[in-house]
Every structure is written in C-alpha cells, then in structure tokens.
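Only one structure is covered here, and it is reproduced in the block below.
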Amino acid sequence: MSGVFLKAVSAAMERIAPLRLAESFDNMLIGSAETPLKQSKRHRVMLTIDLTTAVVEESITKEASVIVAYHPTIFGALKSFTMANPLQASLLRCAAHGISVYCPHTALDCTWGGINDWLAEGIMGGNQAPGTVRPLQVEKFSPSGDSEGAVGRLVALQTPVTMSVLEKRVKEHLKLSQIQVGYASTRDRLRSSAIVETIAICAGSGGSVFAGKKADVYFTGEMQHHEVLAAVAAGTNVILCDKGGHTNTERGYLPILASKLKAQLHAAAFDEPFDIVVSNTDKHPLEFV
C-alpha cells in the first residue's frame with residue numbers, strides 16, 4: 001500500500017505545483033524517484049529544502065516513506081551513481097530504506113500560491129498593505145489555457161513605503177535578525193528613507209530573472225557580486241538574505257506546503273492515516289562564526 005501513498009502524494013504535489021511549470025534548466029527527471037524496495041508501513045511525508053545527510057538520517061529515524069525535497073539532489077547528467085559521492089549516497093540510502101523522493105523546485109516557485117507569492121505577501125505586510133502582484137516574466141498556462149503561474153513576481157504597492165519599512169517587513173516575514181541591502185543612493189541620509197513602490201521578487205537566486213526588469217527594489221535570496229553592482233548603479237535597491245541567504249527565501253514556506261499537501265490528500269479522499277512533518281535538521285550549510 002506504500003506505493004499507493006507515493007502515487008497519492010505525487011498527484012497531490014502535481015495539483016499544487018505542476019511540474020510542467022519548472023524552468024528549462026531544472027532537473028525534473030527525478031521529480032519522483034520511486035524506490036523499488038518495500039517501504040515503511042507508516043504513511044509519513046518529510047518536507048525539506050535540501051536532501052542532506054542529516055535529513056536522510058532524520059527521515060529514516062522517523063520512518064518517512066516519502067521525502068519532498070524542494071531542491072533536486074542531482075542537476076547534471078551522471079555517468080555513475082555511487083556511495084563515494086555524498087549527494088548520490090543520500091539518494092541511494094533513501095532507496096535502500098524504502099524512501100521515495102519528490103523534487104518540485106522551480107515549479108513551486110512559479111505556481112500561483114507558491115513560494116514567490118508567499119514572499120509577495122510578506123512584502124505587502126501580510127496583505128495589510130494593499131497592492132497588486134503580477135508576473136515578472138512570462139506567464140505560464142495549462143494545456144487547457146488556464147493561467148497556472150509565472151517566473152518571478154512584481155509587486156506594486158498601493159501606498160509606497162520607505163526602504164526602512166520594507167526592510168522590517170522582510171525581516172519579520174522571514175524571521176531574520178539581519179538582511180543584506182544594497183542602496184542605490186550613495187547619500188547615507190537618503191538610504192533608509194528612499195521611497196519604494198515596486199518590488200521585483202524571485203525566490204532563491206534571482207539575478208538572471210531580474211535582468212532588464214525595472215523596479216525600485218530587487219528582493220531575492222542571493223545575487224552575484226557584479227549583478228548587485230549593476231543593479232545599484234542603475235538606481236535599483238537590492239535586498240538579499242543574510243545567513244542562509246539562498247534558502248532563507250524558501251524554507252519558511254514549508255509549513256504552508258505541509259498544509260496544502262494535507263488538504264490535497266484529504267480532498268482526494270486518501271482514507272488511510274498519514275502525517276506530514278517538516279524536517280528539524282534541514283538548514284543552510286554555512287554559519288557565521
């Protein structure tokens with residue numbers, strides 16, 4: 001029956017974030033890596049951003065049968081698949097313990113109600129500050145012609161705010177004590193009081209997504225050094241996450257995904273007991289010392 005649960009989880013995730021929304025560079029070939037071995041009788045889903053060694057250990061200990069790992073563990077083509085490579089070893093250990101892995105990545109960024117929309121809500125102060133949210137890049141449609149999502153978001157605030165207010169909203173939404181900010185103005189007294197009306201958003205690493213796009217602020221997890229220099233020189237402020245940069249724009253969405261997945265499984269009338277947990281060991285690999 002564990003195979004039935006994997007199919008139910010895969011179908012539910014497909015309704016939440018259709019894999020056809022994934023960017024062309026993304027590796028969706030392992031979107032659902034099903035183990036051929038007997039799985040745990042426990043219907044448990046572990047949610048994580050990265051499939052690290054610690055997350056694998058946690059999943060084995062907690063008897064998860066499916067891991068939804070936001071980032072694909074494998075991006076490039078492989079000529080071998082061995083335990084000598086730690087990332088490959090994580091997948092092999094999952095297979096050996098009957099744990100299947102599902103990776104939505106950029107499909108979850110693009111979909112309406114996904115990670116980018118969650119970031120937009122934070123920018124708008126939890127929807128307490130009215131504004132509009134529209135696609136930053138190409139809008140994506142289903143085969144039947146329904147809008148399903150887009151690459152990035154562009155928020156236009158109904159009431160402009162200062163950079164200091166925007167910075168506070170980002171910290172509160174992502175639960176961060178610090179963020180990194182690149183100010184377009186070189187005059188100290190104008191930096192935090194600069195007025196912001198439009199914000200371009202991209203979860204993770206948004207430098208390439210922002211290229212050629214006009215906004216008062218670029219908000220993402222990380223950007224390359226020269227991308228930041230180019231943005232501030234062009235008059236655009238930049239907000240990046242501090243510790244855990246890239247994944248700090250993604251990890252806070254996991255509890256929301258847990259609720260969505262639970263609702264989808266119930267809606268599909270999956271009538272066996274199951275639970276969905278967010279990993280306690282998933283974290284950015286770098287720390288400040």
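We label chains A, B, ... in the order they appear in the structure tokens, count residues from 1 in each chain, and number ligands from 1 in the order shown.
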
With only C-alpha atoms as the counted atoms, please give the residues lying no more than 9 Å from region 64-75 of chain A, apart from itself and same-chain residues fewer than 4 positions off, as a count of residues only.
46

Point out the residue among A:Val55, A:Ala268, A:Cys241, A:Pro18 with the least atom-to-atom distance to Ser147 (chain A), counting only C-alpha atoms.
A:Pro18

Considering only C-alpha atoms, return as a list in words whatever protein or nucleic-acid residues lie within 9 Å of Val151 (chain A), sequence-local ones (same chain, fewer than 4 positions apart) excluded.
Leu21, Glu23, Thr106, Asp109, Cys110, Thr111, Asn116, Pro135, Leu136, Gln137, Val138, Glu139, Lys140, Cys202 and Val209 of chain A

Give me the residues near Ala22 (chain A) as a list in words, where near means some atom within 6 Å (using only C-alpha atoms) and where sequence neighbours in that chain fewer than 2 positions away do not count.
Leu19, Arg20, Thr106 and Ala107 of chain A

Who sits within 6 Å of Tyr218 (chain A), only C-alpha atoms, same chain under 3 positions skipped, as a short mmCIF file (atom, residue, chain, number, x, y, z; two decimals) with N, CA, C and O atoms, in the first residue's frame:
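Dumped everything to selection.cif:
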```cif
data_model
loop_
_atom_site.label_atom_id
_atom_site.label_comp_id
_atom_site.auth_asym_id
_atom_site.auth_seq_id
_atom_site.Cartn_x
_atom_site.Cartn_y
_atom_site.Cartn_z
N ILE A 199 8.47 46.30 -6.31
CA ILE A 199 9.47 45.34 -5.84
C ILE A 199 9.43 44.11 -6.74
O ILE A 199 8.38 43.47 -6.88
N ALA A 200 10.56 43.77 -7.33
CA ALA A 200 10.68 42.53 -8.11
C ALA A 200 11.13 41.43 -7.18
O ALA A 200 12.04 41.61 -6.37
N VAL A 238 18.69 46.76 -3.62
CA VAL A 238 18.73 45.30 -3.58
C VAL A 238 18.59 44.81 -2.14
O VAL A 238 19.27 45.31 -1.25
#
```

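Those residues that approach Ile201 (chain A) to within 8 Å, counting only C-alpha atoms, are Asn116, Leu119, Ala120, Leu136, Gly152, Arg153, Leu154, Val155, Tyr218, Phe219 and Thr220 of chain A; same-chain residues fewer than 6 positions away are not listed.
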
Could you give me, as a compact mmCIF listing (two decimals) with all heavy atoms, in the first residue's frame, the residues within 8 Å of Gly207 (chain A), counting only C-alpha atoms and dropping anything in the same chain fewer than 6 positions from it?
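The result, written out as part_7.txt:
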```txt
# COMPACT_ATOMS: atom_id res chain seq x y z
N GLU A 222 19.90 35.52 -3.01
CA GLU A 222 21.29 35.85 -3.30
C GLU A 222 21.43 36.32 -4.74
O GLU A 222 20.61 35.98 -5.61
CB GLU A 222 22.19 34.64 -3.05
CG GLU A 222 21.88 33.46 -3.96
CD GLU A 222 22.78 32.26 -3.69
OE1 GLU A 222 23.68 32.37 -2.84
OE2 GLU A 222 22.56 31.21 -4.34
N MET A 223 22.47 37.11 -4.98
CA MET A 223 22.83 37.55 -6.33
C MET A 223 24.34 37.55 -6.44
O MET A 223 25.05 37.66 -5.43
CB MET A 223 22.29 38.97 -6.62
CG MET A 223 20.79 39.06 -6.76
SD MET A 223 20.18 40.77 -6.87
CE MET A 223 20.94 41.32 -8.42
N GLN A 224 24.85 37.44 -7.64
CA GLN A 224 26.28 37.53 -7.85
C GLN A 224 26.75 38.96 -7.60
O GLN A 224 26.00 39.93 -7.76
CB GLN A 224 26.65 37.09 -9.27
CG GLN A 224 26.37 35.62 -9.54
CD GLN A 224 26.78 35.21 -10.95
OE1 GLN A 224 27.42 35.97 -11.67
NE2 GLN A 224 26.41 34.00 -11.33
N GLU A 227 26.19 41.42 -10.35
CA GLU A 227 24.77 41.69 -10.56
C GLU A 227 24.28 42.75 -9.58
O GLU A 227 23.48 43.62 -9.95
CB GLU A 227 23.97 40.39 -10.38
CG GLU A 227 24.20 39.36 -11.47
CD GLU A 227 23.54 38.02 -11.18
OE1 GLU A 227 23.28 37.74 -9.97
OE2 GLU A 227 23.30 37.26 -12.12
```

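For the choices A:Val4, A:Ala95, A:Ala156, A:Ala54, the atom-to-atom distance to Ser279 (chain A) is smallest for A:Ala54 when using only C-alpha atoms.
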
Quick one: of A:Pro130, A:Gly125, A:Gly235, A:Gly212, who's nearest to Thr159 (chain A), counting only C-alpha atoms?
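Checking each candidate against Thr159 (chain A), we get A:Pro130 as the closest.
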
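With distances restricted to only C-alpha atoms, A:Val232 is the closest residue to Thr186 (chain A) from A:Leu166, A:Val232, A:Met83, A:Ala211.
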